[in-house]
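S.K.: Pasting a structure below so you can have a look.
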Amino acid sequence: MTSQIPALIIVVPLLVSLVVSLAAWIRQSLCYAAALCAMLVAWISAILVMGRVINQGVITYRMAGWAPPWGISWHIDHFNAIILILIATVALINLIATRSTAAREFEDRPGVFYALYLLFVTGLMGIVITGDIFNLYVLLEIASLSGYALLGMGSGRAAVSSLSYLFIGTIGASLYLFGAGYLYIATGSLNMADIAAILPTIEQTGVIQVSFILCLIGLFMKMAFFPLHTWLPNAYTHAPNSSASLIAPLTTKVMIYVMIRIVLFVYQPEFAFAEMDIDRVIVWLAVIAILAGSMLAWKQERLKRMLAYIIVAEVGYMVGGFWLGNTAGMTGAVLHILNDAMMTLCLFLAAGAVISRVQTDAFGALQGVFTKMPFSMIAFVAGALSIIGVPPTCGFFSKWYLISGGMEAGHYAFVAALIISSLVNVLLFFRVIEIGYFEPFDSHHHKNGQTVREAPLDMLVPLLVTAGLLIVMGFYANTLVTWIVKPAISAATMGGL
Amino acid sequence: MEELAAVFVARYNYWGVIILMGIGLYAMIAKTNMVKKIIGMNIFQTAIILFYISTAAKYGASIPIIAHGHGAQGHGIRAADYMNPLPHVLMLTAIVVSVATLGVALALAVRVYWNYDSLEEDEILNQIKAGQLNRK
């Protein structure tokens, strides 16, 4: 029985998403309860799977019992087990925190929201757990399509922004599919482990290089790597708050996971780093991404939009750190996936709490929010400190690994970009804190009769839990690295590096 | 020159795919009408579907159905005599994905039309700019 737990992670949210859309016909309040149960089951299964991986090593789960090269197998090692827990945790916290927001934003059809929510989580979990490159494409599109729908259901510009995201996202996914096709032509297999075994034995031709480049560009589009980031700020800014705080922490991070998985476990480091020789180019692109993301964030006048550009810069951190090609850089990149998802969740939830009370996220209207909503803003400050990289919070530790990786590789521009971006982040967040803390609350701004007060408890408790997790993850950063990140990376890089 | 022509003729399926991708990308970038962009996106996806299908073809091969197949293994069935069925199966899924993408894209286009009463990108951008000015 316990050997079937990996299947539960995907099957339960998938089936319950159907149940949720049916339950909406009976009673709308059932939707939230069903979604919560499904997420709890997925979360517990993810933790059980992690436990099994730590105790027994890599799990290969055969879907419906078909043997790997032909059937679809799920491959779970330390790396994706921790990402599974991350996705489940973020989705669960966000589900609880946005209950009232979602009820307001999707008043007449909560069934649609929760069904899409679960489908999105199913897609992401599937991307992470699968060991098959075509299966990965299908699940990528499941996650993306439900993401487009979730983002597009806001008011005003949401639909336009989501449509332009859809165009770019579809090109990205299609390029990935194109690359996977070339890989299939070259190796005759779709199973990641099988391809990894075949690739070193066959002649290295242009076909494999083309497939590598196509997959990489497709994933760069999906993860909003700097020149290809244009869809992200609009899509996340105009989206409903309840879906933005789900999608913003997870989509880009899962795409970075896919990049690492494909490069390390399919093409393998000897080919990707030694033979392709594009690692330094990509690190330079990451340097540009970090600087451009930080500069663009500086120009924004709205909280959510500023956070969206910070995500663009953070993608540069992780991509650059990974392509440094040494253990410290990769450790930093993997650790930063975990930390950045939690930090982004914390900041977006805090922004959502502020918007639910102040009705806007323009900086001008944030005067005095610290006195009116102290606990939400404490969580916001925790998230901000973590993005900046102040020691007790988790952001410091991943940035430390990234910087030492940069020093080790002798790539000082990357180190400089990281430090400059941290300084810009200080300015960015202190501008918000200055307006919110030092400028007195201006009641003229809020003449509609609404009173600005602390966010409701169901929003505040998950927010404070997230903020607490940032500090807990900081304290246990060493444990995370030795128990999970190190085995994840060393499994792929035994030979090279 | 002759060499180049040989490459062009021998690999005509890839050239077809590249041309279709180009048409799709051109429509997505150059057209301002949302529906034309969506059609371009669909052409782009179709190009990749055709790419997969063309890789399955073999000269002189028949459809991959083995008549009287039970127990026939080992009785001279050569894989080279049959087309590769796997890309077809994969593309069945990819077609479903592209239809679903088309559906979501059209649904979003309908919402855009409700909001702005137009599907032309430049008109929508003008309205967005005008709206921002009004708010200020």
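Residue numbering restarts at 1 in every chain; chains get A, B, ... in the order shown in the structure tokens, and ligands count up from 1 in that same order.
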Mind listing as a PDB file with N, CA and C atoms, in the first residue's frame which residues of chain A are within 8 Å of chain B, counting only C-alpha atoms?
M.R.:
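Resulting contents of out-v2.pdb:
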ATOM      1  N   PHE A 134       8.329  13.572 -22.506  1.00  0.00           N
ATOM      2  CA  PHE A 134       7.085  13.996 -23.161  1.00  0.00           C
ATOM      3  C   PHE A 134       5.988  14.213 -22.136  1.00  0.00           C
ATOM      4  N   VAL A 138       3.371  17.513 -21.372  1.00  0.00           N
ATOM      5  CA  VAL A 138       1.919  17.522 -21.197  1.00  0.00           C
ATOM      6  C   VAL A 138       1.560  18.162 -19.852  1.00  0.00           C
ATOM      7  N   GLU A 141       1.923  21.842 -19.840  1.00  0.00           N
ATOM      8  CA  GLU A 141       0.810  22.557 -20.434  1.00  0.00           C
ATOM      9  C   GLU A 141      -0.430  22.509 -19.539  1.00  0.00           C
ATOM     10  N   LEU A 145      -1.908  26.021 -18.710  1.00  0.00           N
ATOM     11  CA  LEU A 145      -3.267  26.390 -19.140  1.00  0.00           C
ATOM     12  C   LEU A 145      -4.119  26.772 -17.948  1.00  0.00           C
ATOM     13  N   TYR A 148      -2.987  30.212 -16.968  1.00  0.00           N
ATOM     14  CA  TYR A 148      -3.510  31.310 -17.790  1.00  0.00           C
ATOM     15  C   TYR A 148      -4.932  31.643 -17.361  1.00  0.00           C
ATOM     16  N   ALA A 149      -5.731  30.586 -17.142  1.00  0.00           N
ATOM     17  CA  ALA A 149      -7.127  30.820 -16.784  1.00  0.00           C
ATOM     18  C   ALA A 149      -7.219  31.528 -15.433  1.00  0.00           C
ATOM     19  N   GLY A 152      -6.156  35.075 -15.850  1.00  0.00           N
ATOM     20  CA  GLY A 152      -6.996  35.879 -16.731  1.00  0.00           C
ATOM     21  C   GLY A 152      -8.346  36.225 -16.150  1.00  0.00           C
ATOM     22  N   GLY A 156     -10.331  44.214 -15.346  1.00  0.00           N
ATOM     23  CA  GLY A 156      -9.490  45.162 -16.064  1.00  0.00           C
ATOM     24  C   GLY A 156      -8.561  44.492 -17.058  1.00  0.00           C
ATOM     25  N   ARG A 157      -7.261  44.742 -16.895  1.00  0.00           N
ATOM     26  CA  ARG A 157      -6.302  44.303 -17.898  1.00  0.00           C
ATOM     27  C   ARG A 157      -5.911  42.842 -17.767  1.00  0.00           C
ATOM     28  N   ALA A 159      -7.193  39.968 -18.555  1.00  0.00           N
ATOM     29  CA  ALA A 159      -7.360  39.065 -19.698  1.00  0.00           C
ATOM     30  C   ALA A 159      -6.325  39.359 -20.775  1.00  0.00           C
ATOM     31  N   VAL A 160      -6.057  40.652 -21.046  1.00  0.00           N
ATOM     32  CA  VAL A 160      -5.048  41.002 -22.066  1.00  0.00           C
ATOM     33  C   VAL A 160      -3.686  40.486 -21.643  1.00  0.00           C
ATOM     34  N   SER A 162      -2.944  38.103 -19.565  1.00  0.00           N
ATOM     35  CA  SER A 162      -2.880  36.654 -19.547  1.00  0.00           C
ATOM     36  C   SER A 162      -2.778  36.110 -20.962  1.00  0.00           C
ATOM     37  N   LEU A 163      -3.451  36.787 -21.918  1.00  0.00           N
ATOM     38  CA  LEU A 163      -3.376  36.331 -23.303  1.00  0.00           C
ATOM     39  C   LEU A 163      -1.963  36.485 -23.848  1.00  0.00           C
ATOM     40  N   LEU A 166      -0.012  33.796 -22.524  1.00  0.00           N
ATOM     41  CA  LEU A 166      -0.336  32.540 -23.206  1.00  0.00           C
ATOM     42  C   LEU A 166       0.454  32.417 -24.505  1.00  0.00           C
ATOM     43  N   PHE A 167       0.552  33.517 -25.272  1.00  0.00           N
ATOM     44  CA  PHE A 167       1.299  33.447 -26.533  1.00  0.00           C
ATOM     45  C   PHE A 167       2.751  33.052 -26.270  1.00  0.00           C
ATOM     46  N   THR A 170       3.126  29.511 -24.819  1.00  0.00           N
ATOM     47  CA  THR A 170       2.906  28.434 -25.784  1.00  0.00           C
ATOM     48  C   THR A 170       4.105  28.267 -26.694  1.00  0.00           C
ATOM     49  N   ILE A 171       4.707  29.400 -27.127  1.00  0.00           N
ATOM     50  CA  ILE A 171       5.918  29.275 -27.944  1.00  0.00           C
ATOM     51  C   ILE A 171       6.990  28.552 -27.139  1.00  0.00           C
ATOM     52  N   SER A 174       6.234  24.924 -26.925  1.00  0.00           N
ATOM     53  CA  SER A 174       6.387  24.278 -28.227  1.00  0.00           C
ATOM     54  C   SER A 174       7.858  24.079 -28.554  1.00  0.00           C
ATOM     55  N   LEU A 177       9.010  21.147 -26.761  1.00  0.00           N
ATOM     56  CA  LEU A 177       8.523  19.937 -27.426  1.00  0.00           C
ATOM     57  C   LEU A 177       9.362  19.629 -28.660  1.00  0.00           C
ATOM     58  N   PHE A 178       9.715  20.676 -29.401  1.00  0.00           N
ATOM     59  CA  PHE A 178      10.563  20.545 -30.584  1.00  0.00           C
ATOM     60  C   PHE A 178      11.908  19.923 -30.175  1.00  0.00           C
ATOM     61  N   GLY A 181      11.627  16.397 -29.379  1.00  0.00           N
ATOM     62  CA  GLY A 181      11.504  15.605 -30.601  1.00  0.00           C
ATOM     63  C   GLY A 181      12.858  15.236 -31.167  1.00  0.00           C
ATOM     64  N   ILE A 185      14.523  11.615 -31.740  1.00  0.00           N
ATOM     65  CA  ILE A 185      15.118  11.129 -32.999  1.00  0.00           C
ATOM     66  C   ILE A 185      16.505  10.542 -32.731  1.00  0.00           C
TER      67      ILE A 185
END
S.K.: Give me the residues within 12 Å of Val319 of chain A as JSON, numbers by chain, counting only C-alpha atoms and dropping any in the same chain fewer than 6 places off.
M.R.: {"A": [216, 219, 220, 223, 224, 225, 226, 252, 253, 255, 256, 257, 258, 259, 260, 263, 279, 280, 281, 282, 283, 284, 285, 286, 287, 288, 289, 290, 312, 313, 325, 329, 330, 331, 332, 333, 334, 336, 337, 402, 414]}
S.K.: Skipping near chain neighbours, those fewer than 2 positions away, what residues fall within 12 Å of Gly410 of chain A using only C-alpha atoms, listed as a list in words?
M.R.: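 Skipping anything fewer than 2 positions along the chain leaves Arg280, Val283, Leu324, Gly325, Asn326, Gly329, Ile403, Ser404, Gly405, Gly406, Met407, Glu408, Tyr412, Ala413, Phe414, Val415 and Ala416 of chain A.
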S.K.: Work out how far apart atom CA of Leu30 of chain A and atom CA of Tyr114 of chain A are and give it in Å to one decimal.
M.R.: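 These two atoms are separated by 10.3 Å.
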S.K.: Please report the interatomic distance between atom CA of Pro240 of chain A and atom CA of Ser155 of chain A in Å with one decimal.
M.R.: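 Rounded to one decimal, the two atoms are 7.6 Å apart.
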S.K.: Expressed in Å to a single decimal, how great is the separation between atom CA of Glu270 of chain A and atom CA of Ser211 of chain A?
M.R.: 16.0 Å
S.K.: Near Asn339 of chain A, within 8 Å and counting only C-alpha atoms, which residues show up once chain neighbours fewer than 3 positions away are dropped, as a PyMOL selection string?
M.R.: chain A and resi 335-336+342-343+394-395+398+470+473
S.K.: Using backbone DSSP assignments, extract all strand (DSSP E or B) residues from segment 7-122 of chain A; output them as an NGL selection string.
M.R.: :A and (59-62 or 73-76)
S.K.: List the spatial neighbours of Leu246 of chain A as an MDAnalysis selection string - criterion: any atom at most 9 Å away, only C-alpha atoms, same-chain residues fewer than 2 positions off excluded.
M.R.: chainID A and resid 90:91 94:95 117 241:244 248:251 345 348
S.K.: With N, CA and C atoms retained, export the selected residues as a PDB file, in the first residue's frame.
M.R.:
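Output saved as again-v9.pdb:
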ATOM      1  N   VAL A  90       3.482  25.539  -0.280  1.00  0.00           N
ATOM      2  CA  VAL A  90       3.075  26.853  -0.779  1.00  0.00           C
ATOM      3  C   VAL A  90       1.592  26.840  -1.149  1.00  0.00           C
ATOM      4  N   ALA A  91       1.170  25.784  -1.865  1.00  0.00           N
ATOM      5  CA  ALA A  91      -0.222  25.738  -2.313  1.00  0.00           C
ATOM      6  C   ALA A  91      -1.166  25.622  -1.123  1.00  0.00           C
ATOM      7  N   ASN A  94      -1.261  28.997   0.786  1.00  0.00           N
ATOM      8  CA  ASN A  94      -1.971  29.996  -0.005  1.00  0.00           C
ATOM      9  C   ASN A  94      -3.464  29.701  -0.048  1.00  0.00           C
ATOM     10  N   LEU A  95      -3.811  28.408  -0.102  1.00  0.00           N
ATOM     11  CA  LEU A  95      -5.229  28.034  -0.138  1.00  0.00           C
ATOM     12  C   LEU A  95      -5.943  28.531   1.109  1.00  0.00           C
ATOM     13  N   TYR A 117      -7.287  25.699  -9.404  1.00  0.00           N
ATOM     14  CA  TYR A 117      -6.226  25.710  -8.401  1.00  0.00           C
ATOM     15  C   TYR A 117      -5.619  24.312  -8.269  1.00  0.00           C
ATOM     16  N   ASN A 241      -5.605  38.570  -6.760  1.00  0.00           N
ATOM     17  CA  ASN A 241      -4.584  38.350  -5.724  1.00  0.00           C
ATOM     18  C   ASN A 241      -4.476  36.894  -5.311  1.00  0.00           C
ATOM     19  N   SER A 242      -5.652  36.224  -5.249  1.00  0.00           N
ATOM     20  CA  SER A 242      -5.639  34.850  -4.748  1.00  0.00           C
ATOM     21  C   SER A 242      -4.874  33.942  -5.696  1.00  0.00           C
ATOM     22  N   SER A 243      -4.912  34.197  -7.007  1.00  0.00           N
ATOM     23  CA  SER A 243      -4.144  33.324  -7.897  1.00  0.00           C
ATOM     24  C   SER A 243      -2.716  33.822  -8.078  1.00  0.00           C
ATOM     25  N   ALA A 244      -2.495  35.149  -7.997  1.00  0.00           N
ATOM     26  CA  ALA A 244      -1.122  35.643  -8.163  1.00  0.00           C
ATOM     27  C   ALA A 244      -0.215  35.073  -7.082  1.00  0.00           C
ATOM     28  N   ALA A 248       2.861  33.121  -8.692  1.00  0.00           N
ATOM     29  CA  ALA A 248       4.145  33.831  -8.664  1.00  0.00           C
ATOM     30  C   ALA A 248       5.234  33.051  -7.929  1.00  0.00           C
ATOM     31  N   PRO A 249       4.970  32.462  -6.751  1.00  0.00           N
ATOM     32  CA  PRO A 249       6.077  31.738  -6.105  1.00  0.00           C
ATOM     33  C   PRO A 249       6.456  30.467  -6.841  1.00  0.00           C
ATOM     34  N   LEU A 250       5.516  29.836  -7.555  1.00  0.00           N
ATOM     35  CA  LEU A 250       5.782  28.471  -8.003  1.00  0.00           C
ATOM     36  C   LEU A 250       6.241  28.344  -9.450  1.00  0.00           C
ATOM     37  N   THR A 251       5.584  29.048 -10.399  1.00  0.00           N
ATOM     38  CA  THR A 251       5.845  28.756 -11.815  1.00  0.00           C
ATOM     39  C   THR A 251       7.314  28.889 -12.170  1.00  0.00           C
ATOM     40  N   LEU A 345       6.113  33.946  -1.725  1.00  0.00           N
ATOM     41  CA  LEU A 345       4.789  33.690  -1.159  1.00  0.00           C
ATOM     42  C   LEU A 345       4.499  34.682  -0.033  1.00  0.00           C
ATOM     43  N   PHE A 348       3.905  38.236  -1.467  1.00  0.00           N
ATOM     44  CA  PHE A 348       2.641  38.356  -2.195  1.00  0.00           C
ATOM     45  C   PHE A 348       1.446  38.244  -1.264  1.00  0.00           C
TER      46      PHE A 348
END
S.K.: So that I can check the surroundings of Leu22 of chain A, please list as a ChimeraX atom specification every protein, DNA and RNA residue that reaches within 10 Å of it, counting only C-alpha atoms and ignoring chain neighbours fewer than 4 positions away.
M.R.: /A:16-18,26-28,30-31,111-112,115
S.K.: Could you pull out the helix (DSSP H, G or I) residues of segment 268-412 of chain A from DSSP and send them as a PyMOL selection string?
M.R.: chain A and resi 269-275+279-298+303-323+327-358+363-366+369-372+374-388+394-409+412
S.K.: If we count only C-alpha atoms, what is near segment 355-371 of chain A at a cut-off of 6 Å, once residues fewer than 4 positions away on the same chain are taken out, given as a ChimeraX atom specification?
M.R.: /A:301-303,377,435-437,439-441,452
S.K.: Please produce a file of the residues just selected, as a PDB file, in the first residue's frame, where the atoms kept are C-alpha atoms.
M.R.:
ATOM      1  CA  GLU A 301       5.202  52.711  -8.292  1.00  0.00           C
ATOM      2  CA  ARG A 302       3.073  49.761  -7.237  1.00  0.00           C
ATOM      3  CA  LEU A 303       3.870  47.030  -4.743  1.00  0.00           C
ATOM      4  CA  MET A 377       3.680  44.422   7.881  1.00  0.00           C
ATOM      5  CA  ILE A 435       6.147  55.394   3.404  1.00  0.00           C
ATOM      6  CA  GLY A 436       4.347  52.807   5.516  1.00  0.00           C
ATOM      7  CA  TYR A 437       6.098  53.427   8.819  1.00  0.00           C
ATOM      8  CA  GLU A 439       4.528  58.855   7.047  1.00  0.00           C
ATOM      9  CA  PRO A 440       1.360  59.313   9.120  1.00  0.00           C
ATOM     10  CA  PHE A 441      -1.857  57.622   8.113  1.00  0.00           C
ATOM     11  CA  VAL A 452      -8.158  50.281   7.308  1.00  0.00           C
TER      12      VAL A 452
END
